[in-house]
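Asks: My questions all concern the structure below.
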Amino acid sequence: GKFDVVVVGSCMTDLVSYVPRLPKAGETIHGTKFSMGFGGKGANQCIMAARLGAKTAMVAKVGDDSFGERYIENFKRNGVNTDHVSVAREASTGVAPIAVNASGENSIVIVSGANDLLSEGDVKNAKSMIASASVCVCQLEINPEVTHFTLSLAKKAGVQTILNPAPASAWLDYYYYRLSDVFCANESEAELLTGLSVNTVDDAEKAVIMILERGAGQAVITLGSKGSVIGTQENPIPKHIPVTPADPVDSTGAGDAFIGAMAFYMAKFKMLPFEEIVRRAGEIARTSVLNPGTQSSYLSKKELSPSLFSELVQRGR
Ligand code: RIB
Ligand code: NA
């Protein structure tokens with residue numbers, strides 16, 4: 001049947017250590033807590049969209065191991081279609097050792113494993129599923145050529161595309177921008193891609209203009225507690241979208257919550273102005289930083305304020 005959101009991307013098992021501060025090179029420090037969770041940027045974004053009520057499917061690759069088996073069960077528990085989550089015999093399920101400090105900031109190592117084996121052939125096999133979707137979401141945690149192939153396929157089928165250029169890379173060919181209806185990066189990704197330093201709203205406005213010049217339909221730069229900055233081809237004058245303040249416990253995966261929520265709104269709330277989609281996605285991502293872990297911190301529709309699911313734009317904020 002028809003899908004709201006199809007994500008072509010990564011699955012990782014997150015190995016999270018909570019530490020008073022992030023260790024320096026060559027240093028050993030004591031952590032205070034350890035937990036394992038379901039992560040990977042692609043899967044996180046898909047699970048967020050699913051918890052909000054989107055009909056979702058994932059195109060991904062796991063290893064032939066217990067992490068992979070558990071991951072597929074996790075998708076099923078969350079109502080995500082796994083017809084195109086395949087199992088590689090040649091590599092293990094991706095893992096991500098993560099350290100989270102006392103202010104909720106993280107540093108992440110990813111070992112892609114099976115994610116690197118997701119191929120154009122796998123995406124071709126999922127072609128009719130992708131073509132049936134309202135929104136197709138990609139990141140850069142799989143082979144970037146496979147992401148390119150997916151974006152082209154989705155575009156040709158008239159599916160709205162979102163590209164989250166994460167993890168950050170210093171250069172991205174312009175065709176990635178041109179194939180993105182929405183191009184959404186955080187500060188550090190935007191810095192690497194544009195060569196500008198991106199710390200303030202003013203900086204982000206400049207980066208948004210560059211991203212639009214490179215051909216993205218709509219550009220979003222997320223700025224954590226400072227909200228985000230958007231611009232579109234129709235209205236390239238950048239606009240700051242603030243977010244309600246929060247006292248973060250663990251910001252890991254907040255960017256993925258934002259992308260997953262945007263995909264949900266683009267598929268299910270087509271009548272909302274882009275600015276309002278981004279504002280609501282920011283509020284949903286904010287709720288994820290209040291709890292530990294990535295997917296473990298994503299709330300579902302019934303736990304969120306009904307105003308986030310209203311067809312109306314509230315005035316006077
Ligand atoms: O964006 C957060 C995610 O990045 C984590 O879940 C980790 O798996 C890495 O992919
Ligand atoms: Na979190």
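By order in the structure tokens, chains are A, B, ...; within a chain, residues start at 1; ligands start at 1, following the order shown.
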Compute the set of protein, DNA and RNA residues whose minimum atom distance to ligand 1 is at most 6 Å, using only C-alpha atoms and all ligand atoms, and state it as a compact mmCIF listing (two decimals) with N, CA and C atoms, in the first residue's frame.

Replies:
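Writing done, so here's part24.txt:
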# COMPACT_ATOMS: atom_id res chain seq x y z
N MET A 12 21.91 1.45 13.66
CA MET A 12 23.08 1.21 14.51
C MET A 12 22.59 0.81 15.89
N ASP A 14 23.24 1.58 19.50
CA ASP A 14 23.93 2.62 20.27
C ASP A 14 24.43 2.05 21.60
N GLY A 39 19.65 2.91 17.48
CA GLY A 39 20.02 4.20 16.91
C GLY A 39 20.33 4.08 15.43
N GLY A 40 21.19 4.96 14.96
CA GLY A 40 21.44 5.08 13.53
C GLY A 40 20.52 6.19 13.03
N LYS A 41 21.09 7.13 12.30
CA LYS A 41 20.30 8.31 11.95
C LYS A 41 19.06 7.97 11.13
N ALA A 96 27.40 2.11 17.39
CA ALA A 96 27.80 3.49 17.67
C ALA A 96 28.11 3.67 19.15
N THR A 252 21.43 13.45 22.25
CA THR A 252 21.71 12.49 21.17
C THR A 252 20.42 12.16 20.42
N GLY A 253 20.48 12.31 19.11
CA GLY A 253 19.31 11.93 18.30
C GLY A 253 18.25 13.02 18.21
N ASP A 256 17.72 13.91 14.66
CA ASP A 256 16.94 12.88 13.96
C ASP A 256 15.46 13.00 14.28
N THR A 294 18.44 7.80 22.40
CA THR A 294 17.95 8.33 21.12
C THR A 294 16.48 7.94 20.98

Asks: Residues within 9 Å of Val80 in chain A, please, as a list in words. Count only C-alpha atoms; anything in the same chain fewer than 6 positions from it doesn't count.

Replies: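 Returned residues: Cys46, Ile47, Ala50, Lys55, Thr56, Ala57, Met58 and Asn74 of chain A.
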
Asks: Could you pull out the residues sitting within 9 Å of ligand 2, using only C-alpha atoms and all ligand atoms, and write them as a list in words?

Replies: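 Result of the 9 Å neighbour search around ligand 2: Gly104, Pro248, Val249, Asp250, Ser251, Thr252, Gly253, Ala254, Ala285, Arg286, Thr287, Ser288, Val289, Leu290, Asn291, Pro292, Gly293, Thr294, Gln295, Ser296, Ser297 and Tyr298 of chain A.
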
Asks: Running DSSP on the backbone, which parts of range 117-189 of chain A land in helix (DSSP H, G or I), as an NGL selection string?

Replies: :A and (117 or 120-125 or 127-131 or 144-156 or 174-178 or 187-189)

Asks: Go ahead and write the residues just picked, N, CA, C and O atoms, as a compact mmCIF listing (two decimals), in the first residue's frame.

Replies:
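New file result_22.txt:
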# COMPACT_ATOMS: atom_id res chain seq x y z
N LEU A 117 26.96 -1.92 3.13
CA LEU A 117 26.64 -2.90 2.09
C LEU A 117 25.26 -2.68 1.48
O LEU A 117 24.87 -3.39 0.55
N GLU A 120 22.70 -0.05 -4.48
CA GLU A 120 21.71 0.46 -5.43
C GLU A 120 20.71 -0.64 -5.77
O GLU A 120 19.52 -0.38 -5.97
N GLY A 121 21.20 -1.88 -5.84
CA GLY A 121 20.30 -3.00 -6.12
C GLY A 121 19.22 -3.13 -5.04
O GLY A 121 18.05 -3.36 -5.35
N ASP A 122 19.62 -2.95 -3.79
CA ASP A 122 18.64 -3.01 -2.69
C ASP A 122 17.59 -1.91 -2.85
O ASP A 122 16.40 -2.12 -2.59
N VAL A 123 18.05 -0.73 -3.26
CA VAL A 123 17.12 0.40 -3.43
C VAL A 123 16.20 0.13 -4.63
O VAL A 123 14.99 0.39 -4.56
N LYS A 124 16.76 -0.44 -5.71
CA LYS A 124 15.94 -0.80 -6.88
C LYS A 124 14.84 -1.77 -6.48
O LYS A 124 13.70 -1.66 -6.92
N ASN A 125 15.20 -2.74 -5.62
CA ASN A 125 14.20 -3.71 -5.15
C ASN A 125 13.05 -3.02 -4.42
O ASN A 125 11.94 -3.54 -4.38
N LYS A 127 11.93 -0.03 -5.14
CA LYS A 127 11.49 1.09 -5.97
C LYS A 127 10.00 1.40 -5.88
O LYS A 127 9.60 2.55 -5.70
N SER A 128 9.17 0.35 -5.95
CA SER A 128 7.72 0.64 -5.96
C SER A 128 7.28 1.16 -4.60
O SER A 128 6.38 2.01 -4.50
N MET A 129 7.94 0.69 -3.55
CA MET A 129 7.62 1.19 -2.21
C MET A 129 8.00 2.67 -2.08
O MET A 129 7.22 3.50 -1.60
N ILE A 130 9.19 2.99 -2.55
CA ILE A 130 9.65 4.39 -2.47
C ILE A 130 8.75 5.29 -3.32
O ILE A 130 8.33 6.36 -2.88
N ALA A 131 8.42 4.82 -4.51
CA ALA A 131 7.59 5.62 -5.42
C ALA A 131 6.19 5.84 -4.87
O ALA A 131 5.50 6.80 -5.25
N PRO A 144 27.34 7.16 0.09
CA PRO A 144 26.71 8.38 -0.43
C PRO A 144 26.17 8.22 -1.86
O PRO A 144 25.20 8.87 -2.22
N GLU A 145 26.78 7.33 -2.65
CA GLU A 145 26.27 7.11 -4.01
C GLU A 145 24.89 6.44 -3.97
O GLU A 145 24.06 6.65 -4.86
N VAL A 146 24.66 5.63 -2.95
CA VAL A 146 23.35 4.99 -2.80
C VAL A 146 22.32 6.04 -2.40
O VAL A 146 21.16 6.02 -2.85
N THR A 147 22.74 6.98 -1.58
CA THR A 147 21.86 8.10 -1.22
C THR A 147 21.52 8.92 -2.47
O THR A 147 20.36 9.27 -2.70
N HIS A 148 22.53 9.19 -3.28
CA HIS A 148 22.31 9.93 -4.53
C HIS A 148 21.31 9.20 -5.42
O HIS A 148 20.34 9.79 -5.92
N PHE A 149 21.53 7.90 -5.58
CA PHE A 149 20.65 7.07 -6.40
C PHE A 149 19.21 7.12 -5.87
O PHE A 149 18.25 7.27 -6.63
N THR A 150 19.05 7.04 -4.56
CA THR A 150 17.72 7.06 -3.94
C THR A 150 17.03 8.40 -4.17
O THR A 150 15.84 8.44 -4.52
N LEU A 151 17.76 9.48 -3.98
CA LEU A 151 17.16 10.81 -4.16
C LEU A 151 16.70 10.99 -5.60
O LEU A 151 15.60 11.51 -5.85
N SER A 152 17.51 10.52 -6.56
CA SER A 152 17.11 10.65 -7.98
C SER A 152 15.86 9.84 -8.26
O SER A 152 14.93 10.32 -8.92
N LEU A 153 15.86 8.61 -7.74
CA LEU A 153 14.71 7.73 -7.96
C LEU A 153 13.43 8.35 -7.38
O LEU A 153 12.38 8.39 -8.02
N ALA A 154 13.54 8.89 -6.16
CA ALA A 154 12.38 9.48 -5.49
C ALA A 154 11.89 10.71 -6.25
O ALA A 154 10.69 10.87 -6.51
N LYS A 155 12.83 11.56 -6.64
CA LYS A 155 12.48 12.78 -7.38
C LYS A 155 11.74 12.46 -8.66
O LYS A 155 10.71 13.06 -8.97
N LYS A 156 12.27 11.47 -9.41
CA LYS A 156 11.66 11.08 -10.69
C LYS A 156 10.24 10.60 -10.48
O LYS A 156 9.38 10.77 -11.32
N TYR A 174 26.90 19.25 -5.86
CA TYR A 174 25.69 20.07 -5.89
C TYR A 174 24.43 19.28 -6.25
O TYR A 174 23.34 19.68 -5.94
N TYR A 175 24.60 18.12 -6.92
CA TYR A 175 23.39 17.37 -7.26
C TYR A 175 22.65 16.90 -6.01
O TYR A 175 21.44 16.72 -6.04
N TYR A 176 23.35 16.75 -4.90
CA TYR A 176 22.64 16.38 -3.66
C TYR A 176 21.69 17.51 -3.23
O TYR A 176 20.61 17.27 -2.72
N TYR A 177 22.12 18.75 -3.42
CA TYR A 177 21.28 19.89 -3.05
C TYR A 177 20.08 19.97 -3.99
O TYR A 177 18.95 20.13 -3.56
N ARG A 178 20.39 19.85 -5.30
CA ARG A 178 19.33 20.00 -6.30
C ARG A 178 18.27 18.91 -6.17
O ARG A 178 17.11 19.12 -6.52
N GLU A 187 24.50 22.79 12.96
CA GLU A 187 25.55 23.82 12.88
C GLU A 187 26.83 23.25 12.28
O GLU A 187 27.41 23.83 11.36
N SER A 188 27.29 22.11 12.83
CA SER A 188 28.61 21.62 12.41
C SER A 188 28.58 21.11 10.98
O SER A 188 29.54 21.29 10.22
N GLU A 189 27.46 20.51 10.58
CA GLU A 189 27.34 20.07 9.19
C GLU A 189 27.33 21.29 8.26
O GLU A 189 28.02 21.30 7.23

Asks: Please, which residues of range 186-290 of chain A, numbered as in this document, come out strand (DSSP E) from DSSP, as a ChimeraX atom specification?

Replies: /A:186,218-222,228-232,239-241

Asks: Might you pull out every residue within 10 Å of Leu212 in chain A, with only C-alpha atoms counted and same-chain residues fewer than 4 positions away left off, and present them as a CSV table (one decimal) with N, CA and C atoms, in the first residue's frame?

Replies:
chain,number,residue,atom,x,y,z
A,177,TYR,N,22.1,18.7,-3.4
A,177,TYR,CA,21.3,19.9,-3.0
A,177,TYR,C,20.1,20.0,-4.0
A,178,ARG,N,20.4,19.8,-5.3
A,178,ARG,CA,19.3,20.0,-6.3
A,178,ARG,C,18.3,18.9,-6.2
A,182,VAL,N,13.9,19.4,0.7
A,182,VAL,CA,14.3,20.0,2.0
A,182,VAL,C,15.7,19.5,2.3
A,183,PHE,N,16.6,20.4,2.6
A,183,PHE,CA,18.0,20.1,2.9
A,183,PHE,C,18.2,20.6,4.4
A,207,ALA,N,24.4,30.8,5.8
A,207,ALA,CA,24.6,29.4,5.3
A,207,ALA,C,23.3,29.0,4.6
A,208,VAL,N,22.2,29.4,5.1
A,208,VAL,CA,20.9,29.0,4.4
A,208,VAL,C,20.9,29.6,3.0
A,216,ALA,N,19.0,23.6,-3.3
A,216,ALA,CA,18.0,23.0,-2.5
A,216,ALA,C,16.6,23.7,-2.6
A,217,GLY,N,15.5,23.0,-2.5
A,217,GLY,CA,14.2,23.6,-2.6
A,217,GLY,C,14.0,24.5,-1.3
A,218,GLN,N,14.2,23.9,-0.2
A,218,GLN,CA,14.1,24.6,1.1
A,218,GLN,C,15.2,24.2,2.0
A,219,ALA,N,15.8,25.1,2.7
A,219,ALA,CA,16.9,24.9,3.6
A,219,ALA,C,16.6,25.1,5.0
A,220,VAL,N,17.1,24.2,5.9
A,220,VAL,CA,16.9,24.4,7.3
A,220,VAL,C,18.2,24.1,8.0
A,230,ILE,N,15.3,29.0,8.5
A,230,ILE,CA,14.9,28.4,7.3
A,230,ILE,C,14.9,29.4,6.1
A,231,GLY,N,14.9,28.9,4.9
A,231,GLY,CA,14.7,29.7,3.7
A,231,GLY,C,14.2,28.8,2.6
A,232,THR,N,13.5,29.4,1.7
A,232,THR,CA,13.0,28.6,0.6
A,232,THR,C,13.3,29.3,-0.8
A,233,GLN,N,13.2,28.5,-1.9
A,233,GLN,CA,13.4,29.2,-3.2
A,233,GLN,C,12.3,30.3,-3.4
A,236,PRO,N,13.5,33.4,-0.3
A,236,PRO,CA,14.9,33.1,0.2
A,236,PRO,C,15.4,34.0,1.3

Asks: Show me, as a PyMOL selection string, the residues that have an atom within 12 Å of range 270-275 of chain A when counting only C-alpha atoms, minus same-chain residues fewer than 2 positions from it.

Replies: chain A and resi 4+134-135+160+181-182+217-220+227-235+238-242+262-268+277-282+308-314

Asks: Find, counting only C-alpha atoms, the residue in A:Leu196, A:Met210, A:Asp83, A:Gly53 that gets nearest to Leu304 in chain A.

Replies: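 Residue with the minimum atom-to-atom distance to Leu304 in chain A: A:Gly53.
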
Asks: Name all residues at most 10 Å from Ala88 in chain A (count only C-alpha atoms; drop same-chain ones fewer than 5 positions away) and give them as an mmCIF file with all heavy atoms, in the first residue's frame.

Replies:
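The new file result.cif reads:
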data_model
loop_
_atom_site.group_PDB
_atom_site.id
_atom_site.type_symbol
_atom_site.label_atom_id
_atom_site.label_comp_id
_atom_site.auth_asym_id
_atom_site.auth_seq_id
_atom_site.Cartn_x
_atom_site.Cartn_y
_atom_site.Cartn_z
ATOM 1 N N LYS A 61 20.163 -2.193 5.891
ATOM 2 C CA LYS A 61 20.849 -3.478 5.983
ATOM 3 C C LYS A 61 21.416 -3.662 7.386
ATOM 4 O O LYS A 61 22.067 -2.766 7.919
ATOM 5 C CB LYS A 61 21.969 -3.527 4.938
ATOM 6 C CG LYS A 61 22.490 -4.916 4.688
ATOM 7 C CD LYS A 61 22.919 -5.096 3.238
ATOM 8 C CE LYS A 61 21.933 -5.949 2.496
ATOM 9 N NZ LYS A 61 21.971 -6.022 1.100
ATOM 10 N N VAL A 62 21.147 -4.845 7.952
ATOM 11 C CA VAL A 62 21.734 -5.195 9.250
ATOM 12 C C VAL A 62 22.626 -6.420 9.056
ATOM 13 O O VAL A 62 22.620 -7.026 7.995
ATOM 14 C CB VAL A 62 20.640 -5.493 10.317
ATOM 15 C CG1 VAL A 62 19.807 -4.251 10.613
ATOM 16 C CG2 VAL A 62 19.746 -6.659 9.885
ATOM 17 N N GLY A 63 23.376 -6.787 10.087
ATOM 18 C CA GLY A 63 24.213 -7.976 10.022
ATOM 19 C C GLY A 63 23.436 -9.211 10.449
ATOM 20 O O GLY A 63 22.331 -9.116 10.996
ATOM 21 N N ASP A 64 24.060 -10.376 10.186
ATOM 22 C CA ASP A 64 23.439 -11.656 10.545
ATOM 23 C C ASP A 64 23.832 -11.979 11.982
ATOM 24 O O ASP A 64 24.583 -12.910 12.252
ATOM 25 C CB ASP A 64 23.964 -12.720 9.562
ATOM 26 C CG ASP A 64 23.250 -14.040 9.724
ATOM 27 O OD1 ASP A 64 22.216 -14.077 10.430
ATOM 28 O OD2 ASP A 64 23.729 -15.032 9.153
ATOM 29 N N ASP A 65 23.357 -11.164 12.926
ATOM 30 C CA ASP A 65 23.763 -11.312 14.331
ATOM 31 C C ASP A 65 22.610 -10.882 15.242
ATOM 32 O O ASP A 65 21.551 -10.459 14.757
ATOM 33 C CB ASP A 65 25.034 -10.465 14.599
ATOM 34 C CG ASP A 65 24.927 -9.046 14.050
ATOM 35 O OD1 ASP A 65 23.806 -8.507 14.014
ATOM 36 O OD2 ASP A 65 25.964 -8.474 13.651
ATOM 37 N N GLY A 68 21.247 -7.385 14.831
ATOM 38 C CA GLY A 68 20.417 -7.219 13.638
ATOM 39 C C GLY A 68 19.015 -7.769 13.861
ATOM 40 O O GLY A 68 18.016 -7.129 13.514
ATOM 41 N N THR A 93 26.081 -5.856 12.200
ATOM 42 C CA THR A 93 25.192 -4.707 12.369
ATOM 43 C C THR A 93 26.004 -3.504 12.832
ATOM 44 O O THR A 93 26.928 -3.655 13.637
ATOM 45 C CB THR A 93 24.110 -5.063 13.414
ATOM 46 O OG1 THR A 93 23.403 -6.222 12.952
ATOM 47 C CG2 THR A 93 23.120 -3.926 13.621
ATOM 48 N N GLY A 113 29.610 -1.020 9.414
ATOM 49 C CA GLY A 113 29.348 -2.448 9.197
ATOM 50 C C GLY A 113 28.393 -2.671 8.037
ATOM 51 O O GLY A 113 28.618 -2.176 6.921
ATOM 52 N N ALA A 114 27.315 -3.389 8.307
ATOM 53 C CA ALA A 114 26.361 -3.773 7.259
ATOM 54 C C ALA A 114 25.767 -2.572 6.530
ATOM 55 O O ALA A 114 25.375 -2.688 5.359
ATOM 56 C CB ALA A 114 25.242 -4.610 7.877
ATOM 57 N N ASN A 115 25.691 -1.418 7.180
ATOM 58 C CA ASN A 115 25.131 -0.233 6.517
ATOM 59 C C ASN A 115 25.856 0.088 5.214
ATOM 60 O O ASN A 115 25.253 0.564 4.259
ATOM 61 C CB ASN A 115 25.199 0.981 7.448
ATOM 62 C CG ASN A 115 24.268 0.840 8.631
ATOM 63 O OD1 ASN A 115 23.047 0.799 8.472
ATOM 64 N ND2 ASN A 115 24.847 0.739 9.828
ATOM 65 N N LEU A 117 26.964 -1.917 3.133
ATOM 66 C CA LEU A 117 26.642 -2.901 2.095
ATOM 67 C C LEU A 117 25.263 -2.681 1.478
ATOM 68 O O LEU A 117 24.871 -3.387 0.547
ATOM 69 C CB LEU A 117 26.749 -4.324 2.656
ATOM 70 C CG LEU A 117 28.141 -4.702 3.191
ATOM 71 C CD1 LEU A 117 28.119 -6.123 3.748
ATOM 72 C CD2 LEU A 117 29.193 -4.576 2.105
ATOM 73 N N LEU A 118 24.514 -1.710 2.004
ATOM 74 C CA LEU A 118 23.234 -1.381 1.358
ATOM 75 C C LEU A 118 23.582 -0.845 -0.038
ATOM 76 O O LEU A 118 24.375 0.086 -0.169
ATOM 77 C CB LEU A 118 22.470 -0.340 2.186
ATOM 78 C CG LEU A 118 21.051 -0.044 1.693
ATOM 79 C CD1 LEU A 118 20.122 -1.225 1.985
ATOM 80 C CD2 LEU A 118 20.493 1.216 2.352
#

Asks: In terms of the shortest atom-to-atom distance over only C-alpha atoms, which of A:Gly94, A:Gly26, A:Gly42, A:Gly31 is closest to Thr13 in chain A?

Replies: A:Gly94

Asks: State, in Å with one decimal place, the distance from CA of Lys24 in chain A to CA of Ser103 in chain A.

Replies: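 One can read the CA of Lys24 in chain A to CA of Ser103 in chain A distance as 16.6 Å.
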
Asks: Quick one: residues within 10 Å of Arg21 in chain A, only C-alpha atoms, excluding same-chain residues fewer than 2 positions away - as JSON, numbers by chain?

Replies: {"A": [18, 19, 23, 24, 29, 30, 31, 99, 100, 101, 102, 103, 104, 105, 106]}

Asks: Create the file for the chosen residues now, containing N, CA, C and O atoms and written as a short mmCIF file (atom, residue, chain, number, x, y, z; two decimals), in the first residue's frame.

Replies:
data_model
loop_
_atom_site.label_atom_id
_atom_site.label_comp_id
_atom_site.auth_asym_id
_atom_site.auth_seq_id
_atom_site.Cartn_x
_atom_site.Cartn_y
_atom_site.Cartn_z
N TYR A 18 27.45 7.39 29.93
CA TYR A 18 27.25 8.72 30.51
C TYR A 18 28.49 9.07 31.32
O TYR A 18 28.95 8.28 32.14
N VAL A 19 29.06 10.25 31.02
CA VAL A 19 30.34 10.64 31.61
C VAL A 19 30.23 12.08 32.14
O VAL A 19 29.42 12.86 31.63
N PRO A 23 36.05 12.50 27.31
CA PRO A 23 37.48 12.26 27.51
C PRO A 23 38.35 12.95 26.46
O PRO A 23 37.92 13.15 25.33
N LYS A 24 39.57 13.33 26.87
CA LYS A 24 40.55 13.88 25.91
C LYS A 24 41.31 12.72 25.27
O LYS A 24 41.24 11.59 25.74
N ILE A 29 38.65 7.85 31.59
CA ILE A 29 37.83 8.45 32.65
C ILE A 29 36.72 7.48 33.05
O ILE A 29 36.42 6.54 32.32
N HIS A 30 36.14 7.70 34.21
CA HIS A 30 35.04 6.87 34.69
C HIS A 30 33.72 7.37 34.16
O HIS A 30 33.42 8.56 34.26
N GLY A 31 32.92 6.45 33.64
CA GLY A 31 31.54 6.78 33.31
C GLY A 31 30.66 6.45 34.50
O GLY A 31 31.07 5.72 35.39
N ALA A 99 29.44 8.84 23.92
CA ALA A 99 29.64 9.37 25.26
C ALA A 99 28.75 10.61 25.42
O ALA A 99 28.67 11.43 24.50
N VAL A 100 28.05 10.69 26.55
CA VAL A 100 27.18 11.84 26.82
C VAL A 100 27.64 12.50 28.11
O VAL A 100 27.75 11.84 29.14
N ASN A 101 27.95 13.79 28.05
CA ASN A 101 28.45 14.48 29.25
C ASN A 101 27.32 15.06 30.11
O ASN A 101 26.14 14.92 29.77
N ALA A 102 27.70 15.69 31.21
CA ALA A 102 26.72 16.17 32.19
C ALA A 102 25.79 17.23 31.63
O ALA A 102 24.67 17.42 32.13
N SER A 103 26.22 17.95 30.58
CA SER A 103 25.29 18.94 29.99
C SER A 103 24.49 18.37 28.83
O SER A 103 23.84 19.12 28.10
N GLY A 104 24.56 17.03 28.66
CA GLY A 104 23.73 16.41 27.63
C GLY A 104 24.35 16.46 26.24
O GLY A 104 23.72 16.09 25.26
N GLU A 105 25.59 16.94 26.15
CA GLU A 105 26.28 16.94 24.85
C GLU A 105 26.90 15.58 24.60
O GLU A 105 27.26 14.89 25.55
N ASN A 106 27.10 15.23 23.29
CA ASN A 106 27.63 13.90 23.03
C ASN A 106 28.81 13.93 22.09
O ASN A 106 29.08 14.92 21.42
#
